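Data block below; observations after.
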Amino acid sequence: PNRMEKQLHLNLLASRPPMAGGLQSGAKMRMGPGRKRDFSPLPWSHFDLFQLGAHGPVLLLLHGGGHSALSWAVFTVMICSRINCRVVAMDLRAHGDTKVKNSEDLSAETMAKDVGKVVEALYGENPPPIMMIGHSMGGAIAVHTAAANHIPSLLGLCVIDVVEGTAMDALNSMQNFLRSRPKTFKSVENAIEWSVKSGQIRNIESARVSMVGQVKKCEEPMVSPGISKSISEGIIEEEEEDEEGSESNHKRKKEDDQEAKKESVYTWRIELSKTEKYWDGWFRGLSSLFLSCPVPKLLLLAGIDRLDKDLTIGQMQGKFQMQVLPQCGHAVHEDAPEKVADALATFMVRHKFTQFKEGFPW
C-alpha cells in the first residue's frame with residue numbers, strides 16, 4: 001500500500017579486529033619489511049526495510065522463509081489504524097532486496113545477530129521499546145533474537161504459526177513441497193495468480209503486494225515450462241522427420257526459441273531448498289526457548305492442532321497468551337490481517353505497551 005514509507009537502506013560495515021597495540025585516529029601506519037598492505041574492501045551488509053509511523057513503541061516485523069518485508073504491508077496499515085505505534089519491517093538476509101557478503105549463512109545465530117545489528121544501526125545505544133513479531137521462520141528467528149538478548153529494550157514477543165513439534169514434523173516433506181512449486185512464472189501477475197489459486201496466500205490484496213518481494217526477473221533469458229515443452233517436442237519431431245524436412249523444422253524451432261526469450265520470465269528470489277541444512281537449527285528447541293523469554297508472549301496459530309507438548313503445558317500454566325485464528329492458511333497475517341491486528345492491538349494495550357488510537361471503535 002502507498003501509505004508505507006520509502007525503503008530505508010542500511011549499510012552495515014563489519015568490524016575488523018583491532019591491530020596490535022591499537023592505532024590512534026589520524027595516525028599513520030608504517031609498513032615494516034615483509035608486511036603487505038591490505039587493500040581488500042571491508043565486509044558490508046545492505047539491509048532493506050520499510051518504516052511507518054512516528055510515535056509509540058516499535059513493532060519489529062520478521063517475515064517467513066521465502067517472503068520479504070512486503071509480506072507485512074496490509075497488516076501494517078491495519079495495526080497503525082488501531083494503536084499508537086511505529087512499524088519497521090526488514091528483509092532478512094538473502095531475502096527481498098537485502099544483500100550481505102555471505103548470503104548462504106542462514107543459521108539462526110547469524111540471522112538473530114543481524115536483527116540486533118539492524119536495531120543498533122537504527123537507534124544507537126538507546127533503542128525505543130520494541131515489540132518483536134515473527135511469522136514462521138521469522139518467528140523462530142524472533143525467538144532466537146529475544147533469547148540471546150540482542151534487543152535490550154524488548155517489550156514483548158509475538159510468534160505467528162510456528163511451533164517446534166509441527167515444524168520439525170513438516171521438515172521431512174518440505175523438499176517435496178518446494179519441488180511442487182512452479183520454478184518460473186511468465187509475469188508477476190502470473191505469480192500472484194498462482195499464490196492465490198494454490199492457497200499459499202488467501203488474501204488477494206496481500207498477494208498483490210507480497211509476491212513482488214518473493215520473485216525476481218531472471219538474470220538470463222529462460223524458457224518458461226510451457227514453451228520449453230513445445231521446443232523439446234519440436235526437437236524430437238525433427239529427429240523423427242526425414243532429412244528433407246529437417247531444415248524447416250530447425251527454422252521453426254529457432255523462431256520458437258527467439259520468441260521464448262522475448263518473454264520476461266520470473267523466478268523465486270531465494271532457493272529455499274538449498275537452505276535445508278539450517279532448518280533443524282531454526283526450530284529444534286524452539287518451544288523451550290520461547291517459554292524462557294522473560295517478556296509477555298503471544299502465540300497466534302491457524303489451528304489448535306499445531307500445539308506441541310511443551311507449549312500445551314506452558315499455555316495451561318499461563319506462561320503465554322494464545323489465540324487461534326481459524327479459516328486461515330499458514331500465512332495468517334496475510335490471510336487475515338485485520339484479525340491479527342485486532343489480536344496484537346488488544347495484547348499490547350492490555351499490557352500497557354501503548355493505547356488505542358482516539359476514535360477507534362472498541
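By convention here, the chains of the C-alpha cells are called A, B, ... in the order presented, each chain's residues are numbered starting at 1, and ligands are numbered starting at 1 in the order presented.
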Please report as JSON lines every residue of segment 272-349 of chain A lying within 12 Å of segment 100-110 of chain A, along with the nearest atom pair and their distance in Å (one decimal), using only C-alpha atoms.
```
{"residue": "A:Leu272", "atom": "CA", "partner": "A:Leu106", "partner_atom": "CA", "distance": 10.5}
{"residue": "A:Ser273", "atom": "CA", "partner": "A:Glu104", "partner_atom": "CA", "distance": 11.9}
{"residue": "A:Lys274", "atom": "CA", "partner": "A:Glu104", "partner_atom": "CA", "distance": 8.6}
{"residue": "A:Thr275", "atom": "CA", "partner": "A:Leu106", "partner_atom": "CA", "distance": 7.1}
{"residue": "A:Glu276", "atom": "CA", "partner": "A:Leu106", "partner_atom": "CA", "distance": 9.7}
{"residue": "A:Lys277", "atom": "CA", "partner": "A:Ser107", "partner_atom": "CA", "distance": 8.7}
{"residue": "A:Tyr278", "atom": "CA", "partner": "A:Ser107", "partner_atom": "CA", "distance": 5.5}
{"residue": "A:Trp279", "atom": "CA", "partner": "A:Ser107", "partner_atom": "CA", "distance": 8.4}
{"residue": "A:Asp280", "atom": "CA", "partner": "A:Ala108", "partner_atom": "CA", "distance": 9.6}
{"residue": "A:Gly281", "atom": "CA", "partner": "A:Ala108", "partner_atom": "CA", "distance": 6.3}
{"residue": "A:Trp282", "atom": "CA", "partner": "A:Ala108", "partner_atom": "CA", "distance": 5.4}
{"residue": "A:Phe283", "atom": "CA", "partner": "A:Ala108", "partner_atom": "CA", "distance": 8.9}
{"residue": "A:Arg284", "atom": "CA", "partner": "A:Ala108", "partner_atom": "CA", "distance": 10.6}
{"residue": "A:Gly285", "atom": "CA", "partner": "A:Ala108", "partner_atom": "CA", "distance": 11.8}
{"residue": "A:Leu286", "atom": "CA", "partner": "A:Ala108", "partner_atom": "CA", "distance": 10.9}
```
Go ahead and write the residues just picked, all heavy atoms, as a compact mmCIF listing (two decimals), in the first residue's frame.
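Result saved to selection_3.txt:
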```txt
# COMPACT_ATOMS: atom_id res chain seq x y z
N LEU A 272 14.90 -21.89 -1.55
CA LEU A 272 14.76 -22.39 -0.19
C LEU A 272 15.27 -23.82 -0.03
O LEU A 272 15.69 -24.20 1.06
CB LEU A 272 13.28 -22.33 0.23
CG LEU A 272 12.73 -20.92 0.50
CD1 LEU A 272 11.24 -20.98 0.78
CD2 LEU A 272 13.46 -20.27 1.67
N SER A 273 15.24 -24.60 -1.09
CA SER A 273 15.71 -25.99 -1.00
C SER A 273 17.18 -26.06 -0.60
O SER A 273 17.63 -27.03 0.00
CB SER A 273 15.49 -26.71 -2.33
OG SER A 273 16.19 -26.06 -3.38
N LYS A 274 17.94 -25.01 -0.92
CA LYS A 274 19.37 -25.00 -0.61
C LYS A 274 19.66 -24.59 0.84
O LYS A 274 20.80 -24.59 1.27
CB LYS A 274 20.11 -24.06 -1.57
CG LYS A 274 20.12 -24.56 -3.02
CD LYS A 274 20.93 -23.64 -3.90
CE LYS A 274 20.99 -24.17 -5.34
NZ LYS A 274 21.79 -23.27 -6.22
N THR A 275 18.62 -24.22 1.57
CA THR A 275 18.81 -23.79 2.96
C THR A 275 18.53 -24.93 3.94
O THR A 275 18.51 -24.70 5.16
CB THR A 275 17.88 -22.60 3.29
OG1 THR A 275 16.50 -23.05 3.27
CG2 THR A 275 18.05 -21.48 2.29
N GLU A 276 18.34 -26.13 3.44
CA GLU A 276 17.89 -27.26 4.27
C GLU A 276 18.78 -27.50 5.49
O GLU A 276 18.29 -27.85 6.57
CB GLU A 276 17.83 -28.54 3.43
CG GLU A 276 17.31 -29.74 4.21
CD GLU A 276 17.14 -30.97 3.34
OE1 GLU A 276 17.60 -30.96 2.17
OE2 GLU A 276 16.55 -31.96 3.83
N LYS A 277 20.08 -27.30 5.37
CA LYS A 277 20.97 -27.61 6.48
C LYS A 277 20.73 -26.72 7.70
O LYS A 277 21.20 -27.02 8.80
CB LYS A 277 22.43 -27.52 6.05
CG LYS A 277 22.89 -26.14 5.62
CD LYS A 277 24.36 -26.20 5.19
CE LYS A 277 24.86 -24.84 4.71
NZ LYS A 277 26.28 -24.90 4.31
N TYR A 278 20.00 -25.62 7.50
CA TYR A 278 19.73 -24.71 8.62
C TYR A 278 18.35 -24.93 9.25
O TYR A 278 18.07 -24.36 10.32
CB TYR A 278 19.83 -23.25 8.15
CG TYR A 278 21.20 -22.88 7.66
CD1 TYR A 278 21.43 -22.60 6.32
CD2 TYR A 278 22.28 -22.83 8.53
CE1 TYR A 278 22.69 -22.26 5.86
CE2 TYR A 278 23.56 -22.51 8.08
CZ TYR A 278 23.75 -22.21 6.75
OH TYR A 278 25.01 -21.90 6.30
N TRP A 279 17.50 -25.71 8.62
CA TRP A 279 16.12 -25.87 9.10
C TRP A 279 16.07 -26.40 10.52
O TRP A 279 15.32 -25.90 11.35
CB TRP A 279 15.33 -26.78 8.16
CG TRP A 279 15.17 -26.25 6.77
CD1 TRP A 279 15.45 -24.98 6.34
CD2 TRP A 279 14.69 -26.95 5.62
NE1 TRP A 279 15.18 -24.85 4.99
CE2 TRP A 279 14.72 -26.05 4.52
CE3 TRP A 279 14.25 -28.26 5.40
CZ2 TRP A 279 14.30 -26.41 3.24
CZ3 TRP A 279 13.84 -28.63 4.13
CH2 TRP A 279 13.88 -27.71 3.06
N ASP A 280 16.85 -27.43 10.79
CA ASP A 280 16.85 -28.03 12.12
C ASP A 280 17.23 -27.00 13.19
O ASP A 280 16.61 -26.92 14.25
CB ASP A 280 17.82 -29.22 12.15
CG ASP A 280 17.72 -30.01 13.45
OD1 ASP A 280 18.45 -29.67 14.42
OD2 ASP A 280 16.91 -30.95 13.50
N GLY A 281 18.22 -26.18 12.89
CA GLY A 281 18.68 -25.18 13.84
C GLY A 281 17.67 -24.07 14.10
O GLY A 281 17.66 -23.45 15.16
N TRP A 282 16.81 -23.81 13.10
CA TRP A 282 15.78 -22.80 13.30
C TRP A 282 14.76 -23.25 14.35
O TRP A 282 14.32 -22.46 15.18
CB TRP A 282 15.03 -22.52 12.00
CG TRP A 282 15.84 -21.87 10.92
CD1 TRP A 282 17.06 -21.25 11.04
CD2 TRP A 282 15.49 -21.80 9.53
NE1 TRP A 282 17.48 -20.80 9.81
CE2 TRP A 282 16.56 -21.12 8.87
CE3 TRP A 282 14.40 -22.24 8.77
CZ2 TRP A 282 16.53 -20.86 7.50
CZ3 TRP A 282 14.38 -21.99 7.40
CH2 TRP A 282 15.44 -21.31 6.77
N PHE A 283 14.38 -24.54 14.28
CA PHE A 283 13.20 -24.99 15.02
C PHE A 283 13.47 -25.90 16.21
O PHE A 283 12.64 -25.96 17.12
CB PHE A 283 12.24 -25.71 14.05
CG PHE A 283 11.82 -24.87 12.87
CD1 PHE A 283 12.15 -25.24 11.57
CD2 PHE A 283 11.12 -23.69 13.07
CE1 PHE A 283 11.77 -24.46 10.48
CE2 PHE A 283 10.74 -22.90 11.99
CZ PHE A 283 11.06 -23.28 10.70
N ARG A 284 14.59 -26.62 16.23
CA ARG A 284 14.83 -27.54 17.34
C ARG A 284 15.05 -26.76 18.65
O ARG A 284 15.86 -25.85 18.71
CB ARG A 284 16.03 -28.44 17.06
CG ARG A 284 16.20 -29.54 18.11
CD ARG A 284 17.30 -30.51 17.73
NE ARG A 284 17.02 -31.23 16.49
CZ ARG A 284 16.22 -32.29 16.39
NH1 ARG A 284 15.62 -32.76 17.48
NH2 ARG A 284 16.03 -32.88 15.23
N GLY A 285 14.32 -27.15 19.68
CA GLY A 285 14.42 -26.47 20.97
C GLY A 285 13.67 -25.16 21.04
O GLY A 285 13.79 -24.40 22.02
N LEU A 286 12.87 -24.86 20.01
CA LEU A 286 12.20 -23.56 19.91
C LEU A 286 11.18 -23.35 21.03
O LEU A 286 11.06 -22.25 21.58
CB LEU A 286 11.52 -23.42 18.55
CG LEU A 286 10.97 -22.04 18.20
CD1 LEU A 286 12.09 -21.02 18.11
CD2 LEU A 286 10.19 -22.09 16.89
```
Write out as a short mmCIF file (atom, residue, chain, number, x, y, z; two decimals) with N, CA and C atoms, in the first residue's frame all residues of segment 101-200 of chain A that DSSP puts in alpha helix (DSSP H) for this structure's backbone.
```cif
data_model
loop_
_atom_site.label_atom_id
_atom_site.label_comp_id
_atom_site.auth_asym_id
_atom_site.auth_seq_id
_atom_site.Cartn_x
_atom_site.Cartn_y
_atom_site.Cartn_z
N ALA A 108 20.43 -19.73 12.51
CA ALA A 108 19.61 -18.96 13.45
C ALA A 108 20.46 -17.94 14.20
N GLU A 109 21.68 -18.33 14.56
CA GLU A 109 22.56 -17.43 15.30
C GLU A 109 22.93 -16.20 14.48
N THR A 110 23.29 -16.42 13.21
CA THR A 110 23.68 -15.30 12.35
C THR A 110 22.50 -14.38 12.08
N MET A 111 21.34 -14.94 11.80
CA MET A 111 20.17 -14.12 11.49
C MET A 111 19.70 -13.34 12.71
N ALA A 112 19.82 -13.95 13.89
CA ALA A 112 19.45 -13.24 15.12
C ALA A 112 20.40 -12.06 15.35
N LYS A 113 21.69 -12.26 15.08
CA LYS A 113 22.65 -11.16 15.21
C LYS A 113 22.34 -10.05 14.22
N ASP A 114 21.91 -10.43 13.00
CA ASP A 114 21.52 -9.43 12.01
C ASP A 114 20.45 -8.50 12.56
N VAL A 115 19.44 -9.10 13.18
CA VAL A 115 18.33 -8.31 13.72
C VAL A 115 18.85 -7.32 14.77
N GLY A 116 19.71 -7.80 15.65
CA GLY A 116 20.27 -6.92 16.67
C GLY A 116 21.09 -5.79 16.07
N LYS A 117 21.86 -6.09 15.02
CA LYS A 117 22.69 -5.06 14.39
C LYS A 117 21.84 -4.01 13.67
N VAL A 118 20.74 -4.45 13.06
CA VAL A 118 19.85 -3.51 12.39
C VAL A 118 19.22 -2.56 13.40
N VAL A 119 18.78 -3.10 14.54
CA VAL A 119 18.20 -2.26 15.60
C VAL A 119 19.24 -1.25 16.11
N GLU A 120 20.47 -1.72 16.29
CA GLU A 120 21.53 -0.84 16.77
C GLU A 120 21.84 0.25 15.75
N ALA A 121 21.84 -0.12 14.45
CA ALA A 121 22.12 0.86 13.41
C ALA A 121 21.00 1.90 13.32
N LEU A 122 19.79 1.49 13.58
CA LEU A 122 18.64 2.39 13.51
C LEU A 122 18.58 3.35 14.70
N TYR A 123 18.84 2.82 15.90
CA TYR A 123 18.55 3.60 17.11
C TYR A 123 19.76 3.84 18.02
N MET A 137 9.51 -18.97 9.80
CA MET A 137 10.95 -18.85 10.03
C MET A 137 11.27 -17.58 10.78
N GLY A 138 10.61 -16.48 10.43
CA GLY A 138 10.82 -15.21 11.11
C GLY A 138 10.43 -15.28 12.57
N GLY A 139 9.41 -16.10 12.89
CA GLY A 139 9.03 -16.30 14.28
C GLY A 139 10.12 -17.02 15.05
N ALA A 140 10.73 -18.02 14.40
CA ALA A 140 11.84 -18.74 15.04
C ALA A 140 13.02 -17.81 15.27
N ILE A 141 13.33 -16.97 14.27
CA ILE A 141 14.45 -16.02 14.42
C ILE A 141 14.13 -15.00 15.50
N ALA A 142 12.89 -14.60 15.62
CA ALA A 142 12.49 -13.66 16.67
C ALA A 142 12.75 -14.26 18.05
N VAL A 143 12.42 -15.54 18.22
CA VAL A 143 12.65 -16.23 19.49
C VAL A 143 14.14 -16.30 19.79
N HIS A 144 14.95 -16.68 18.79
CA HIS A 144 16.40 -16.75 18.98
C HIS A 144 16.98 -15.37 19.31
N THR A 145 16.45 -14.34 18.67
CA THR A 145 16.93 -12.98 18.93
C THR A 145 16.61 -12.55 20.36
N ALA A 146 15.39 -12.85 20.79
CA ALA A 146 14.98 -12.49 22.15
C ALA A 146 15.76 -13.28 23.19
N ALA A 147 15.95 -14.58 22.95
CA ALA A 147 16.65 -15.43 23.91
C ALA A 147 18.11 -15.02 24.07
N GLU A 164 7.51 -25.75 17.46
CA GLU A 164 8.60 -26.70 17.25
C GLU A 164 8.12 -28.06 16.77
N GLY A 165 7.15 -28.65 17.46
CA GLY A 165 6.71 -30.00 17.14
C GLY A 165 6.24 -30.15 15.70
N THR A 166 5.31 -29.30 15.28
CA THR A 166 4.78 -29.42 13.93
C THR A 166 5.81 -28.99 12.88
N ALA A 167 6.65 -28.01 13.23
CA ALA A 167 7.69 -27.58 12.29
C ALA A 167 8.69 -28.70 12.02
N MET A 168 9.13 -29.38 13.08
CA MET A 168 10.08 -30.48 12.91
C MET A 168 9.45 -31.63 12.12
N ASP A 169 8.17 -31.90 12.38
CA ASP A 169 7.48 -32.97 11.64
C ASP A 169 7.36 -32.63 10.15
N ALA A 170 7.19 -31.34 9.87
CA ALA A 170 6.98 -30.91 8.48
C ALA A 170 8.26 -30.90 7.65
N LEU A 171 9.42 -30.92 8.32
CA LEU A 171 10.69 -30.82 7.58
C LEU A 171 10.89 -31.97 6.61
N ASN A 172 10.38 -33.15 6.97
CA ASN A 172 10.56 -34.32 6.10
C ASN A 172 9.88 -34.15 4.75
N SER A 173 8.80 -33.40 4.72
CA SER A 173 8.06 -33.24 3.46
C SER A 173 8.31 -31.89 2.80
N MET A 174 9.18 -31.09 3.40
CA MET A 174 9.40 -29.73 2.90
C MET A 174 10.00 -29.71 1.50
N GLN A 175 10.97 -30.57 1.24
CA GLN A 175 11.58 -30.59 -0.10
C GLN A 175 10.57 -30.97 -1.17
N ASN A 176 9.68 -31.92 -0.84
CA ASN A 176 8.63 -32.29 -1.80
C ASN A 176 7.72 -31.11 -2.10
N PHE A 177 7.39 -30.36 -1.05
CA PHE A 177 6.54 -29.18 -1.25
C PHE A 177 7.25 -28.16 -2.14
N LEU A 178 8.53 -27.91 -1.88
CA LEU A 178 9.27 -26.92 -2.67
C LEU A 178 9.38 -27.36 -4.13
N ARG A 179 9.55 -28.67 -4.34
CA ARG A 179 9.63 -29.17 -5.72
C ARG A 179 8.29 -29.05 -6.44
N SER A 180 7.21 -29.03 -5.69
CA SER A 180 5.88 -28.97 -6.31
C SER A 180 5.55 -27.56 -6.80
N VAL A 188 4.81 -11.24 -13.09
CA VAL A 188 4.48 -11.09 -11.67
C VAL A 188 3.01 -11.39 -11.46
N GLU A 189 2.18 -10.96 -12.41
CA GLU A 189 0.74 -11.23 -12.32
C GLU A 189 0.47 -12.73 -12.28
N ASN A 190 1.22 -13.47 -13.06
CA ASN A 190 1.09 -14.93 -13.09
C ASN A 190 1.47 -15.53 -11.74
N ALA A 191 2.50 -14.97 -11.11
CA ALA A 191 2.94 -15.44 -9.79
C ALA A 191 1.87 -15.15 -8.73
N ILE A 192 1.28 -13.96 -8.81
CA ILE A 192 0.22 -13.58 -7.87
C ILE A 192 -0.97 -14.51 -8.03
N GLU A 193 -1.33 -14.77 -9.27
CA GLU A 193 -2.47 -15.67 -9.55
C GLU A 193 -2.21 -17.06 -8.98
N TRP A 194 -1.00 -17.56 -9.17
CA TRP A 194 -0.66 -18.89 -8.63
C TRP A 194 -0.75 -18.90 -7.12
N SER A 195 -0.23 -17.86 -6.46
CA SER A 195 -0.21 -17.84 -4.99
C SER A 195 -1.62 -17.89 -4.42
N VAL A 196 -2.57 -17.23 -5.07
CA VAL A 196 -3.95 -17.21 -4.59
C VAL A 196 -4.66 -18.51 -4.91
N LYS A 197 -4.54 -18.98 -6.15
CA LYS A 197 -5.25 -20.19 -6.56
C LYS A 197 -4.70 -21.44 -5.87
#
```
Report as a ChimeraX atom specification all protein, DNA and RNA residues lying within 7 Å of segment 288-299 of chain A, evaluated on only C-alpha atoms, omitting residues in the same chain fewer than 3 positions from it. /A:143,146-147,155-160,285,319-323
Since we have the selection now, will you write its residues out, keeping N, CA and C atoms, as a PDB file, in the first residue's frame?
```pdb
ATOM      1  N   VAL A 143      12.420 -15.543  18.216  1.00  0.00           N
ATOM      2  CA  VAL A 143      12.649 -16.227  19.490  1.00  0.00           C
ATOM      3  C   VAL A 143      14.144 -16.305  19.787  1.00  0.00           C
ATOM      4  N   ALA A 146      15.388 -12.851  20.789  1.00  0.00           N
ATOM      5  CA  ALA A 146      14.976 -12.495  22.147  1.00  0.00           C
ATOM      6  C   ALA A 146      15.765 -13.277  23.191  1.00  0.00           C
ATOM      7  N   ALA A 147      15.948 -14.579  22.952  1.00  0.00           N
ATOM      8  CA  ALA A 147      16.645 -15.431  23.911  1.00  0.00           C
ATOM      9  C   ALA A 147      18.109 -15.024  24.072  1.00  0.00           C
ATOM     10  N   LEU A 155      10.024  -5.281  24.561  1.00  0.00           N
ATOM     11  CA  LEU A 155       8.812  -5.216  25.369  1.00  0.00           C
ATOM     12  C   LEU A 155       8.085  -6.556  25.421  1.00  0.00           C
ATOM     13  N   GLY A 156       7.922  -7.154  24.240  1.00  0.00           N
ATOM     14  CA  GLY A 156       7.153  -8.385  24.138  1.00  0.00           C
ATOM     15  C   GLY A 156       7.493  -9.133  22.867  1.00  0.00           C
ATOM     16  N   LEU A 157       6.914 -10.311  22.731  1.00  0.00           N
ATOM     17  CA  LEU A 157       7.232 -11.208  21.619  1.00  0.00           C
ATOM     18  C   LEU A 157       5.953 -11.839  21.092  1.00  0.00           C
ATOM     19  N   CYS A 158       5.752 -11.772  19.789  1.00  0.00           N
ATOM     20  CA  CYS A 158       4.603 -12.406  19.140  1.00  0.00           C
ATOM     21  C   CYS A 158       5.097 -13.336  18.049  1.00  0.00           C
ATOM     22  N   VAL A 159       4.704 -14.597  18.124  1.00  0.00           N
ATOM     23  CA  VAL A 159       5.116 -15.607  17.147  1.00  0.00           C
ATOM     24  C   VAL A 159       3.869 -16.091  16.412  1.00  0.00           C
ATOM     25  N   ILE A 160       3.946 -16.108  15.088  1.00  0.00           N
ATOM     26  CA  ILE A 160       2.783 -16.450  14.268  1.00  0.00           C
ATOM     27  C   ILE A 160       2.984 -17.779  13.548  1.00  0.00           C
ATOM     28  N   GLY A 285      14.319 -27.146  19.680  1.00  0.00           N
ATOM     29  CA  GLY A 285      14.425 -26.472  20.972  1.00  0.00           C
ATOM     30  C   GLY A 285      13.668 -25.158  21.040  1.00  0.00           C
ATOM     31  N   LYS A 319       1.935 -19.203  30.839  1.00  0.00           N
ATOM     32  CA  LYS A 319       3.227 -18.593  30.511  1.00  0.00           C
ATOM     33  C   LYS A 319       3.175 -17.731  29.250  1.00  0.00           C
ATOM     34  N   PHE A 320       2.122 -17.872  28.477  1.00  0.00           N
ATOM     35  CA  PHE A 320       1.950 -17.036  27.291  1.00  0.00           C
ATOM     36  C   PHE A 320       0.468 -17.006  26.924  1.00  0.00           C
ATOM     37  N   GLN A 321       0.113 -16.037  26.112  1.00  0.00           N
ATOM     38  CA  GLN A 321      -1.262 -15.948  25.624  1.00  0.00           C
ATOM     39  C   GLN A 321      -1.331 -16.571  24.240  1.00  0.00           C
ATOM     40  N   MET A 322      -2.394 -17.295  23.974  1.00  0.00           N
ATOM     41  CA  MET A 322      -2.539 -17.943  22.677  1.00  0.00           C
ATOM     42  C   MET A 322      -3.893 -17.606  22.077  1.00  0.00           C
ATOM     43  N   GLN A 323      -3.912 -17.450  20.779  1.00  0.00           N
ATOM     44  CA  GLN A 323      -5.169 -17.236  20.070  1.00  0.00           C
ATOM     45  C   GLN A 323      -5.134 -17.996  18.760  1.00  0.00           C
TER      46      GLN A 323
END
```
Report as a list in words all protein, DNA and RNA residues lying within 8 Å of segment 334-344 of chain A, evaluated on only C-alpha atoms, omitting residues in the same chain fewer than 3 positions from it.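 Here the answer would be Ser71, Trp72, Val74, Phe75, Met78, Ile79, Arg82, Ile201, Arg202, Asn203, Ser206, Ala207, Leu300, Gln323, Leu325, Cys328, Gly329, Ala331, Phe347 and Met348 of chain A.
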Would you kindly return, as a PyMOL selection string, each protein, DNA or RNA residue with an atom no farther than 9 Å from any atom of segment 53-69 of chain A, considering only C-alpha atoms and excluding same-chain residues fewer than 4 positions away? chain A and resi 4-5+48-49+73+80+83-92+94-97+115+119+128-139+141-142+155+210-214+268-272+331+353-355
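Running DSSP on the backbone and keeping only strand (DSSP E), the residues of segment 31-155 of chain A that qualify are Trp44, Ser45, His46, Phe47, Asp48, Leu49, Phe50, Gln51, Leu52, Val58, Leu59, Leu60, Leu61, Leu62, Arg86, Val87, Val88, Ala89, Met90, Lys99, Val100, Ile130, Met131, Met132, Ile133, Gly134, His135, Leu154 and Leu155 of chain A.
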Any idea what the distance is between atom CA of His46 of chain A and atom CA of Arg93 of chain A? 8.9 Å
For Pro152 of chain A, which residue out of A:Gly124, A:Thr76, A:Lys99, A:Lys309 is the nearest one, using only C-alpha atoms?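 Among the listed residues, the smallest separation from Pro152 of chain A belongs to A:Gly124.
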